$ cat work_36.txt   # compact mmCIF, C-alpha atoms
# COMPACT_ATOMS: atom_id res chain seq x y z
CA MET A 1 0.00 0.00 0.00
CA PHE A 2 2.68 2.48 1.06
CA GLU A 3 4.66 1.83 -2.12
CA ARG A 4 1.76 3.29 -4.09
CA LEU A 5 1.46 6.46 -2.02
CA SER A 6 2.92 9.64 -3.51
CA TYR A 7 4.36 12.64 -1.68
CA VAL A 8 0.93 14.30 -1.70
CA GLY A 9 -0.68 11.03 -0.61
CA TYR A 10 1.59 10.77 2.45
CA THR A 11 0.95 14.43 3.28
CA ALA A 12 -2.80 13.83 3.23
CA LEU A 13 -2.45 10.57 5.18
CA PHE A 14 -0.50 12.10 8.05
CA CYS A 15 -2.00 15.63 8.16
CA LEU A 16 -5.71 15.32 7.47
CA PRO A 17 -6.71 12.96 10.35
CA PRO A 18 -5.14 15.18 13.07
CA LEU A 19 -6.65 18.26 11.38
CA VAL A 20 -10.08 16.63 11.54
CA LEU A 21 -9.43 15.81 15.20
CA LEU A 22 -8.81 19.50 15.91
CA TRP A 23 -11.45 21.04 13.67
CA LEU A 24 -14.42 18.70 14.22
CA ARG A 25 -14.91 19.16 17.98
CA ARG A 26 -17.28 22.04 18.65
CA GLU A 27 -15.41 23.04 21.81
CA PHE A 28 -12.17 23.37 19.84
CA VAL A 29 -13.74 25.00 16.77
CA GLU A 30 -15.09 27.86 18.90
CA VAL A 31 -11.56 28.64 20.10
CA LEU A 32 -10.02 28.20 16.64
CA ARG A 33 -12.63 30.37 14.91
CA ALA A 34 -12.05 33.17 17.39
CA LYS A 35 -8.39 33.21 16.39
CA LEU A 36 -8.79 32.28 12.74
CA ARG A 37 -6.94 35.37 11.52
CA ALA A 38 -3.80 34.47 13.46
CA ILE A 39 -4.02 30.84 12.29
CA LEU A 40 -4.35 31.81 8.63
CA LEU A 41 -1.67 34.48 8.89
CA SER A 42 0.91 32.14 10.43
CA THR A 43 -0.02 29.32 8.01
CA LEU A 44 0.44 31.65 5.07
CA ALA A 45 3.74 32.99 6.44
CA VAL A 46 5.32 29.55 6.99
CA THR A 47 3.98 28.26 3.65
CA LEU A 48 5.57 31.18 1.82
CA TYR A 49 8.84 30.80 3.74
CA GLY A 50 9.03 27.05 3.15
CA SER A 51 8.00 27.32 -0.49
CA LEU A 52 10.77 29.84 -1.11
CA LEU A 53 13.40 27.74 0.66
CA TRP A 54 12.65 24.17 -0.43
CA PRO A 55 13.79 24.62 -4.06
CA VAL A 56 17.07 26.04 -2.70
CA ALA A 57 17.64 22.90 -0.63
CA LEU A 58 16.62 20.63 -3.52
CA GLU A 59 18.96 22.41 -5.92
CA ARG A 60 21.88 21.81 -3.54
CA GLY A 61 20.88 18.17 -3.04
CA ALA A 62 20.02 18.35 0.68
CA TRP A 63 17.42 15.75 -0.29
CA ALA A 64 15.80 14.48 -3.50
CA TYR A 65 12.40 13.14 -4.50
CA GLY A 66 11.62 9.92 -6.31
CA ALA A 67 10.77 11.05 -9.87
CA ASP A 68 7.55 9.02 -10.00
CA ARG A 69 6.39 10.06 -6.51
CA VAL A 70 5.82 13.78 -7.04
CA THR A 71 3.18 15.45 -9.20
CA GLY A 72 5.86 17.20 -11.25
CA ILE A 73 3.76 20.37 -11.24
CA GLU A 74 5.92 23.41 -10.56
CA LEU A 75 4.23 26.58 -9.37
CA LEU A 76 5.61 29.69 -11.10
CA GLY A 77 8.25 27.37 -12.55
CA TYR A 78 9.97 27.44 -9.15
CA VAL A 79 8.50 25.19 -6.43
CA TYR A 80 6.77 21.81 -6.55
CA LEU A 81 3.05 21.89 -5.81
CA ASP A 82 3.73 18.94 -3.46
CA ASP A 83 6.05 21.08 -1.32
CA VAL A 84 3.57 23.96 -1.15
CA LEU A 85 0.81 21.56 -0.05
CA TRP A 86 3.17 20.02 2.54
CA TRP A 87 3.90 23.41 4.07
CA LEU A 88 0.28 24.48 3.88
CA LEU A 89 -1.02 21.43 5.75
CA ILE A 90 1.84 21.27 8.25
CA GLY A 91 1.47 25.01 8.87
CA LEU A 92 -2.29 24.74 9.33
CA LEU A 93 -1.94 21.71 11.62
CA LEU A 94 0.69 23.24 13.90
CA SER A 95 -0.98 26.67 13.85
CA SER A 96 -4.27 25.10 14.90
CA PHE A 97 -2.69 23.06 17.67
CA VAL A 98 -0.58 25.91 19.04
CA THR A 99 -3.55 28.30 18.99
CA LEU A 100 -5.72 25.79 20.82
CA SER A 101 -3.08 24.75 23.32
CA THR A 102 -2.06 28.32 24.20
CA HIS A 103 -5.73 29.22 24.76
CA TYR A 104 -6.07 26.42 27.31
CA GLU A 105 -2.65 27.02 28.81
CA ASP A 106 -3.77 30.60 29.54
CA GLU A 107 -6.56 29.05 31.62
CA GLY A 108 -4.11 26.79 33.44
CA ILE A 109 -5.23 23.67 31.52
CA ASP A 110 -2.88 21.23 29.78
CA ILE A 111 -5.27 20.34 26.96
CA VAL A 112 -3.35 17.24 25.81
CA ALA A 113 -3.15 15.85 29.35
CA ARG A 114 -6.85 16.61 29.85
CA GLU A 115 -7.79 14.75 26.66
CA VAL A 116 -5.57 11.77 27.48
CA ARG A 117 -7.02 11.56 31.01
CA GLY A 118 -10.55 11.73 29.57
CA LEU A 119 -9.79 8.96 27.08
CA TRP A 120 -8.27 6.78 29.81
CA ALA A 121 -11.28 7.32 32.07
CA GLY A 122 -13.53 6.30 29.17
CA PHE A 123 -11.58 3.07 28.64
CA VAL A 124 -11.69 2.26 32.36
CA SER A 125 -15.48 2.78 32.40
CA ALA A 126 -15.88 0.64 29.28
CA PHE A 127 -13.89 -2.23 30.80
CA ARG A 128 -15.90 -1.88 34.02
CA GLY A 129 -19.03 -2.32 31.88
CA LEU A 130 -17.91 -5.87 31.07
CA ARG A 131 -19.03 -6.76 34.63
CA VAL A 132 -22.53 -7.14 33.16
CA VAL A 133 -21.52 -10.23 31.13
CA PRO A 134 -21.65 -12.82 33.96
CA LEU A 135 -24.92 -11.30 35.19
CA GLU A 136 -26.85 -12.19 32.03
CA ARG A 137 -27.74 -15.67 30.78
CA ASN A 138 -27.65 -14.73 27.10
CA SER A 139 -24.31 -12.94 27.43
CA THR A 140 -22.66 -16.01 28.95
CA ILE A 141 -24.10 -18.17 26.16
CA HIS A 142 -22.71 -15.78 23.53
CA VAL A 143 -19.27 -15.79 25.17
CA ALA A 144 -19.25 -19.59 25.26
CA VAL A 145 -20.28 -19.79 21.58
CA ALA A 146 -17.62 -17.22 20.66
CA LEU A 147 -14.98 -19.34 22.42
CA PHE A 148 -16.17 -22.43 20.56
CA VAL A 149 -16.03 -20.59 17.20
CA LEU A 150 -12.53 -19.28 17.93
CA LEU A 151 -11.28 -22.79 18.73
CA GLU A 152 -12.90 -24.07 15.52
CA ALA A 153 -11.20 -21.27 13.58
CA LEU A 154 -7.83 -22.31 14.99
CA LEU A 155 -8.53 -25.93 14.09
CA PHE A 156 -9.52 -25.20 10.48
CA ASP A 157 -6.65 -22.83 9.65
CA LEU A 158 -8.73 -19.90 8.36
CA SER A 159 -7.45 -17.26 5.96
CA ALA A 160 -6.88 -13.66 7.14
CA THR A 161 -10.17 -12.52 5.55
CA GLU A 162 -12.08 -15.37 7.21
CA TRP A 163 -10.51 -14.51 10.58
CA ALA A 164 -11.58 -10.90 10.09
CA LEU A 165 -15.16 -11.98 9.33
CA VAL A 166 -15.26 -14.27 12.38
CA ALA A 167 -13.91 -11.45 14.59
CA LEU A 168 -16.49 -9.03 13.17
CA ALA A 169 -19.32 -11.50 13.69
CA ILE A 170 -18.30 -12.21 17.30
CA GLY A 171 -17.88 -8.49 18.03
CA LEU A 172 -21.24 -7.70 16.46
CA VAL A 173 -23.09 -10.26 18.57
CA LEU A 174 -21.33 -9.52 21.88
CA GLY A 175 -21.55 -5.76 21.27
CA SER A 176 -25.26 -5.83 20.55
CA GLU A 177 -25.82 -8.16 23.52
CA LEU A 178 -24.09 -5.66 25.82
CA MET A 179 -26.14 -2.83 24.33
CA ASN A 180 -29.28 -4.90 24.88
CA SER A 181 -28.32 -5.45 28.52
CA ALA A 182 -27.78 -1.70 28.95
CA VAL A 183 -31.17 -0.87 27.39
CA GLU A 184 -32.92 -3.51 29.54
CA ARG A 185 -31.40 -2.24 32.77
CA MET A 186 -32.09 1.37 31.91
CA ALA A 187 -35.70 0.54 30.99
CA ASP A 188 -36.23 -1.47 34.19
CA GLY A 189 -34.75 1.38 36.22
CA ALA A 190 -36.89 3.99 34.48
CA SER A 191 -40.13 2.02 34.67
CA PRO A 192 -40.25 -0.85 37.20
CA GLU A 193 -43.95 -1.48 36.38
CA ARG A 194 -45.11 -3.08 33.14
CA ASP A 195 -45.37 -0.49 30.40
CA ALA A 196 -46.26 -1.26 26.77
CA ARG A 197 -43.93 1.44 25.36
CA ILE A 198 -40.99 0.30 27.50
CA GLY A 199 -41.78 -3.28 26.51
CA LEU A 200 -41.55 -2.36 22.84
CA ILE A 201 -38.17 -0.67 23.39
CA LYS A 202 -36.84 -3.78 25.17
CA ASP A 203 -38.17 -6.03 22.41
CA ALA A 204 -36.51 -3.87 19.75
CA ALA A 205 -33.16 -4.09 21.59
CA ALA A 206 -33.55 -7.86 21.84
CA ALA A 207 -34.42 -8.00 18.12
CA ALA A 208 -31.13 -6.21 17.37
CA VAL A 209 -29.29 -9.08 19.08
CA LEU A 210 -31.35 -11.60 17.11
CA VAL A 211 -30.45 -9.93 13.80
CA ALA A 212 -26.76 -9.81 14.77
CA ALA A 213 -26.81 -13.45 15.85
CA LEU A 214 -28.51 -14.56 12.60
CA SER A 215 -25.98 -12.75 10.44
CA ALA A 216 -23.16 -14.20 12.58
CA ALA A 217 -24.66 -17.65 12.06
CA ALA A 218 -24.69 -17.03 8.30
CA VAL A 219 -21.02 -16.05 8.43
CA GLY A 220 -20.24 -19.13 10.53
CA LEU A 221 -22.08 -21.48 8.16
CA THR A 222 -20.37 -19.98 5.10
CA ILE A 223 -16.94 -20.36 6.63
CA PHE A 224 -17.25 -23.60 8.60
CA LEU A 225 -19.96 -25.78 7.06
CA HIS A 226 -18.01 -27.07 4.05
CA ARG A 227 -14.94 -27.62 6.23
CA VAL A 228 -16.91 -29.57 8.83
CA LEU A 229 -18.60 -31.69 6.12
CA ALA A 230 -15.24 -32.36 4.47
CA ALA A 231 -13.76 -33.38 7.82
CA LEU A 232 -16.69 -35.71 8.55
CA SER A 233 -16.51 -37.39 5.12
CA MET B 1 30.32 19.98 3.21
CA PRO B 2 27.18 18.85 5.07
CA VAL B 3 24.66 20.61 2.83
CA TYR B 4 21.50 19.88 4.85
CA ALA B 5 23.11 20.91 8.14
CA ILE B 6 24.26 24.23 6.65
CA PHE B 7 20.82 24.77 5.13
CA LEU B 8 19.14 24.17 8.50
CA LEU B 9 21.61 26.33 10.34
CA SER B 10 21.10 29.24 7.94
CA PHE B 11 17.36 29.14 7.45
CA PHE B 12 15.99 27.57 10.63
CA VAL B 13 18.43 27.65 13.56
CA VAL B 14 19.36 31.33 13.18
CA PRO B 15 15.77 32.55 12.61
CA VAL B 16 14.57 30.42 15.55
CA LEU B 17 17.19 31.93 17.85
CA VAL B 18 16.20 35.45 16.79
CA LEU B 19 12.47 34.71 17.15
CA ALA B 20 13.08 33.00 20.50
CA TRP B 21 14.78 36.11 21.85
CA VAL B 22 12.00 38.38 20.55
CA LEU B 23 9.27 36.07 21.88
CA ARG B 24 11.03 35.01 25.10
CA ALA B 25 8.04 36.06 27.23
CA ALA B 26 5.66 33.89 25.16
CA ILE B 27 8.08 30.96 25.40
CA ARG B 28 8.13 31.23 29.19
CA ARG B 29 4.33 31.49 29.18
CA TYR B 30 3.62 28.43 27.01
CA PRO B 31 6.17 25.71 27.82
CA ARG B 32 3.62 22.88 27.55
CA THR B 33 2.42 23.97 24.12
CA ILE B 34 5.99 24.00 22.86
CA LEU B 35 6.83 20.60 24.35
CA TRP B 36 3.64 18.97 23.07
CA SER B 37 4.24 20.42 19.59
CA LEU B 38 7.71 18.86 19.54
CA ALA B 39 6.32 15.56 20.84
CA PHE B 40 3.63 15.46 18.14
CA VAL B 41 6.11 16.21 15.39
CA TYR B 42 8.18 13.22 16.52
CA VAL B 43 5.14 10.95 16.92
CA ILE B 44 3.65 11.83 13.52
CA GLY B 45 6.75 12.92 11.61
CA LEU B 46 9.04 10.01 12.41
CA PRO B 47 6.91 7.21 10.91
CA TRP B 48 6.01 9.50 7.99
CA ASP B 49 9.62 10.32 7.25
CA TRP B 50 10.77 6.73 7.73
CA LEU B 51 8.04 5.35 5.43
CA SER B 52 8.76 8.02 2.82
CA VAL B 53 12.43 7.05 2.72
CA ARG B 54 11.65 3.31 2.73
CA THR B 55 9.20 3.66 -0.16
CA GLY B 56 11.33 6.01 -2.25
CA VAL B 57 9.28 9.21 -1.95
CA TRP B 58 12.40 11.08 -0.85
CA ARG B 59 15.99 10.38 0.13
CA TYR B 60 18.72 12.20 2.02
CA ASP B 61 21.84 10.64 0.52
CA THR B 62 22.18 12.96 -2.48
CA ALA B 63 24.70 15.28 -0.80
CA PRO B 64 27.26 15.00 2.02
CA THR B 65 25.74 14.83 5.51
CA LEU B 66 27.13 14.87 9.05
CA GLY B 67 27.42 11.10 8.68
CA VAL B 68 25.14 9.91 11.50
CA TRP B 69 22.24 7.87 10.13
CA PHE B 70 19.20 6.13 11.62
CA ASP B 71 17.75 3.76 9.04
CA GLY B 72 17.92 6.20 6.11
CA LEU B 73 17.29 9.34 8.18
CA PRO B 74 20.26 11.64 8.86
CA ILE B 75 20.79 13.22 12.27
CA GLU B 76 20.20 16.61 10.62
CA GLU B 77 16.59 15.61 10.00
CA LEU B 78 15.95 13.92 13.34
CA ALA B 79 17.63 16.40 15.65
CA GLY B 80 17.76 19.44 13.38
CA PHE B 81 14.64 19.85 11.28
CA TYR B 82 12.26 18.17 13.72
CA VAL B 83 13.34 20.53 16.50
CA PHE B 84 14.12 23.78 14.70
CA GLY B 85 11.53 23.37 11.93
CA THR B 86 8.86 22.82 14.58
CA LEU B 87 10.09 25.66 16.76
CA PHE B 88 10.11 27.94 13.73
CA VAL B 89 6.44 27.25 12.99
CA VAL B 90 5.45 27.40 16.68
CA LEU B 91 7.19 30.75 17.11
CA ALA B 92 5.57 32.09 13.93
CA VAL B 93 2.18 31.17 15.38
CA LEU B 94 3.04 32.73 18.75
CA ALA B 95 4.08 35.91 16.91
CA ALA B 96 0.80 35.94 14.95
CA LEU B 97 -1.20 35.31 18.14
CA ARG B 98 0.60 38.17 19.85
CA ARG B 99 -0.54 40.48 17.06
CA SER B 100 -4.06 39.08 17.13
CA PRO B 101 -6.49 41.60 18.69
CA ARG B 102 -8.46 38.81 20.33
CA VAL B 103 -5.52 37.55 22.44

$ encode --input "work_36.txt" --output "structure tokens"
Amino acid sequence: MFERLSYVGYTALFCLPPLVLLWLRREFVEVLRAKLRAILLSTLAVTLYGSLLWPVALERGAWAYGADRVTGIELLGYVYLDDVLWWLLIGLLLSSFVTLSTHYEDEGIDIVAREVRGLWAGFVSAFRGLRVVPLERNSTIHVAVALFVLLEALLFDLSATEWALVALAIGLVLGSELMNSAVERMADGASPERDARIGLIKDAAAAAVLVAALSAAAVGLTIFLHRVLAALS
Amino acid sequence: MPVYAIFLLSFFVVPVLVLAWVLRAAIRRYPRTILWSLAFVYVIGLPWDWLSVRTGVWRYDTAPTLGVWFDGLPIEELAGFYVFGTLFVVLAVLAALRRSPRV
């Protein structure tokens, strides 16, 4: 895959996801928009500076590009379009981060540490949620079936694609079972008495597990049935 | 002559030192922003640079270097451009923010 990526491709691959991370969150966008002029000004300044300098470095051989990995388009007959895009995206990315981080640092907040702590707390809560598995009959059945399928998969020497499908199927069933447990508990907590509307919600959540289990069964049959029959014959 | 090292020294190290002196108050005020920026450049830039060299997008062996290499990446890139290139951009942003009426 990486052999097919060009200079521009790598720039997009490594710059666009962190840019989305910074510019999609509403909390961050409000800060960034308030200081948009400074962000654009510094991005423009570093892009101009870099675009002026890079051809100088290339001419002296500080580095060189693979001939088939750049667009070959030269802006004003001087600088590669690839280099201008590189500086533009790097400049925008760093300008956005620095603007955001300085805003929070002014308030005494280390924004990166805050985000990492929040992520960690989310993971801890998610793992704590697994406590519900031994409390539910259906969940324990699904875990047992998943273990059986995994052992079968080891036995039958599946391909990478088949392993991926098995993993997806198991994750789909266990995930929807956990979601069903959450909906059931929330519904029971919200309405301890019998209620037709709550009943419908619980049935719909259970139906989601049924659909997931049926599609997982279809995946299992497709992958294992012919192997089992061949082994038996 | 180590071409890349001289290039970095002329166009990044010297400007960074000048900007750092001008913006010394901002540097003292935002140490975490500066450190995190450097950390991110290493976390994102290192695999990017390494992959680019491995897959032939660019190469650094077309002119004399300082002679210290890490799997296709010269020390100039790892300790020079990553640090001073990043500081240059960070200081440019700090300068723009200082001029921003909203700050």

$ interface_residues --input "work_36.txt" --of "chain A" --to "chain B" --cutoff "7 Å" --atoms "only C-alpha atoms" --output "VMD selection string"
chain A and resid 2 to 3 6 to 7 14 35 38 to 39 41 to 42 46 57 61 to 66 69 91 94 to 95 98 101 to 102 105

$ write_last_selection --input "work_36.txt" --atoms "C-alpha atoms" --output "PDB file, in the frame of the given file"
ATOM      1  CA  PHE A   2       2.680   2.480   1.060  1.00  0.00           C
ATOM      2  CA  GLU A   3       4.660   1.830  -2.120  1.00  0.00           C
ATOM      3  CA  SER A   6       2.920   9.640  -3.510  1.00  0.00           C
ATOM      4  CA  TYR A   7       4.360  12.640  -1.680  1.00  0.00           C
ATOM      5  CA  PHE A  14      -0.500  12.100   8.050  1.00  0.00           C
ATOM      6  CA  LYS A  35      -8.390  33.210  16.390  1.00  0.00           C
ATOM      7  CA  ALA A  38      -3.800  34.470  13.460  1.00  0.00           C
ATOM      8  CA  ILE A  39      -4.020  30.840  12.290  1.00  0.00           C
ATOM      9  CA  LEU A  41      -1.670  34.480   8.890  1.00  0.00           C
ATOM     10  CA  SER A  42       0.910  32.140  10.430  1.00  0.00           C
ATOM     11  CA  VAL A  46       5.320  29.550   6.990  1.00  0.00           C
ATOM     12  CA  ALA A  57      17.640  22.900  -0.630  1.00  0.00           C
ATOM     13  CA  GLY A  61      20.880  18.170  -3.040  1.00  0.00           C
ATOM     14  CA  ALA A  62      20.020  18.350   0.680  1.00  0.00           C
ATOM     15  CA  TRP A  63      17.420  15.750  -0.290  1.00  0.00           C
ATOM     16  CA  ALA A  64      15.800  14.480  -3.500  1.00  0.00           C
ATOM     17  CA  TYR A  65      12.400  13.140  -4.500  1.00  0.00           C
ATOM     18  CA  GLY A  66      11.620   9.920  -6.310  1.00  0.00           C
ATOM     19  CA  ARG A  69       6.390  10.060  -6.510  1.00  0.00           C
ATOM     20  CA  GLY A  91       1.470  25.010   8.870  1.00  0.00           C
ATOM     21  CA  LEU A  94       0.690  23.240  13.900  1.00  0.00           C
ATOM     22  CA  SER A  95      -0.980  26.670  13.850  1.00  0.00           C
ATOM     23  CA  VAL A  98      -0.580  25.910  19.040  1.00  0.00           C
ATOM     24  CA  SER A 101      -3.080  24.750  23.320  1.00  0.00           C
ATOM     25  CA  THR A 102      -2.060  28.320  24.200  1.00  0.00           C
ATOM     26  CA  GLU A 105      -2.650  27.020  28.810  1.00  0.00           C
TER      27      GLU A 105
END

$ atom_distance --input "work_36.txt" --atom1 "atom CA of Glu74 of chain A" --atom2 "atom CA of Leu52 of chain A"
12.4 Å

$ residues_around --input "work_36.txt" --residues "Leu210 of chain A" --least-positions-apart "3" --cutoff "12 Å" --atoms "all atoms listed in the file" --output "ChimeraX atom specification"
/A:138,142,172-174,176-177,180,203-207,213-217

$ residues_around --input "work_36.txt" --residues "segment 225-231 of chain A" --least-positions-apart "6" --cutoff "12 Å" --atoms "all atoms listed in the file" --output "count of residues only"
9

$ residues_near_point --input "work_36.txt" --point "(4.3, 26.1, 3.1)" --cutoff "9 Å" --atoms "only C-alpha atoms" --output "ChimeraX atom specification"
/A:43-52,83-91

$ residues_around --input "work_36.txt" --residues "Tyr82 of chain B" --least-positions-apart "5" --cutoff "9 Å" --atoms "all atoms listed in the file" --output "tab-separated table (two decimals) with C-alpha atoms, in the coordinates of the input"
chain	number	residue	atom	x	y	z
B	38	LEU	CA	7.71	18.86	19.54
B	41	VAL	CA	6.11	16.21	15.39
B	42	TYR	CA	8.18	13.22	16.52
B	45	GLY	CA	6.75	12.92	11.61
B	46	LEU	CA	9.04	10.01	12.41
B	76	GLU	CA	20.20	16.61	10.62
B	77	GLU	CA	16.59	15.61	10.00
B	87	LEU	CA	10.09	25.66	16.76

$ atom_distance --input "work_36.txt" --atom1 "atom CA of Tyr78 of chain A" --atom2 "atom CA of Pro55 of chain A"
7.0 Å

$ atom_distance --input "work_36.txt" --atom1 "atom CA of Thr71 of chain A" --atom2 "atom CA of Leu5 of chain A"
11.6 Å

$ closest_residue --input "work_36.txt" --among "A:Ile141, A:Met186, A:Val149, A:Leu154" --to "Ala169 of chain A" --atoms "all atoms listed in the file"
A:Val149

$ closest_residue --input "work_36.txt" --among "A:Ala121, A:Ile111, A:Ala12, A:Leu178" --to "Leu135 of chain A" --atoms "all atoms listed in the file"
A:Leu178

$ decode --input "work_36.txt" --residues "segment 6-20 of chain B" --atoms "N, CA and C atoms" --output "CSV table (one decimal), in the first residue's frame"
chain,number,residue,atom,x,y,z
B,6,ILE,N,24.0,22.8,6.9
B,6,ILE,CA,24.3,24.2,6.7
B,6,ILE,C,22.9,24.9,6.3
B,7,PHE,N,22.1,24.2,5.5
B,7,PHE,CA,20.8,24.8,5.1
B,7,PHE,C,20.0,25.0,6.4
B,8,LEU,N,19.9,24.0,7.3
B,8,LEU,CA,19.1,24.2,8.5
B,8,LEU,C,19.7,25.3,9.4
B,9,LEU,N,21.0,25.3,9.5
B,9,LEU,CA,21.6,26.3,10.3
B,9,LEU,C,21.3,27.7,9.8
B,10,SER,N,21.3,27.9,8.5
B,10,SER,CA,21.1,29.2,7.9
B,10,SER,C,19.6,29.6,8.0
B,11,PHE,N,18.7,28.7,7.7
B,11,PHE,CA,17.4,29.1,7.5
B,11,PHE,C,16.4,28.7,8.6
B,12,PHE,N,16.9,27.9,9.5
B,12,PHE,CA,16.0,27.6,10.6
B,12,PHE,C,16.6,27.9,12.0
B,13,VAL,N,17.8,27.5,12.2
B,13,VAL,CA,18.4,27.7,13.6
B,13,VAL,C,18.6,29.1,13.9
B,14,VAL,N,19.2,29.9,12.9
B,14,VAL,CA,19.4,31.3,13.2
B,14,VAL,C,18.0,32.1,13.3
B,15,PRO,N,17.1,31.9,12.4
B,15,PRO,CA,15.8,32.5,12.6
B,15,PRO,C,15.1,32.1,13.9
B,16,VAL,N,15.2,30.9,14.3
B,16,VAL,CA,14.6,30.4,15.6
B,16,VAL,C,15.2,31.1,16.7
B,17,LEU,N,16.5,31.3,16.7
B,17,LEU,CA,17.2,31.9,17.8
B,17,LEU,C,16.8,33.4,17.9
B,18,VAL,N,16.6,34.0,16.8
B,18,VAL,CA,16.2,35.5,16.8
B,18,VAL,C,14.8,35.5,17.3
B,19,LEU,N,13.9,34.7,16.7
B,19,LEU,CA,12.5,34.7,17.2
B,19,LEU,C,12.3,34.4,18.6
B,20,ALA,N,13.2,33.4,19.1
B,20,ALA,CA,13.1,33.0,20.5
B,20,ALA,C,13.4,34.2,21.4
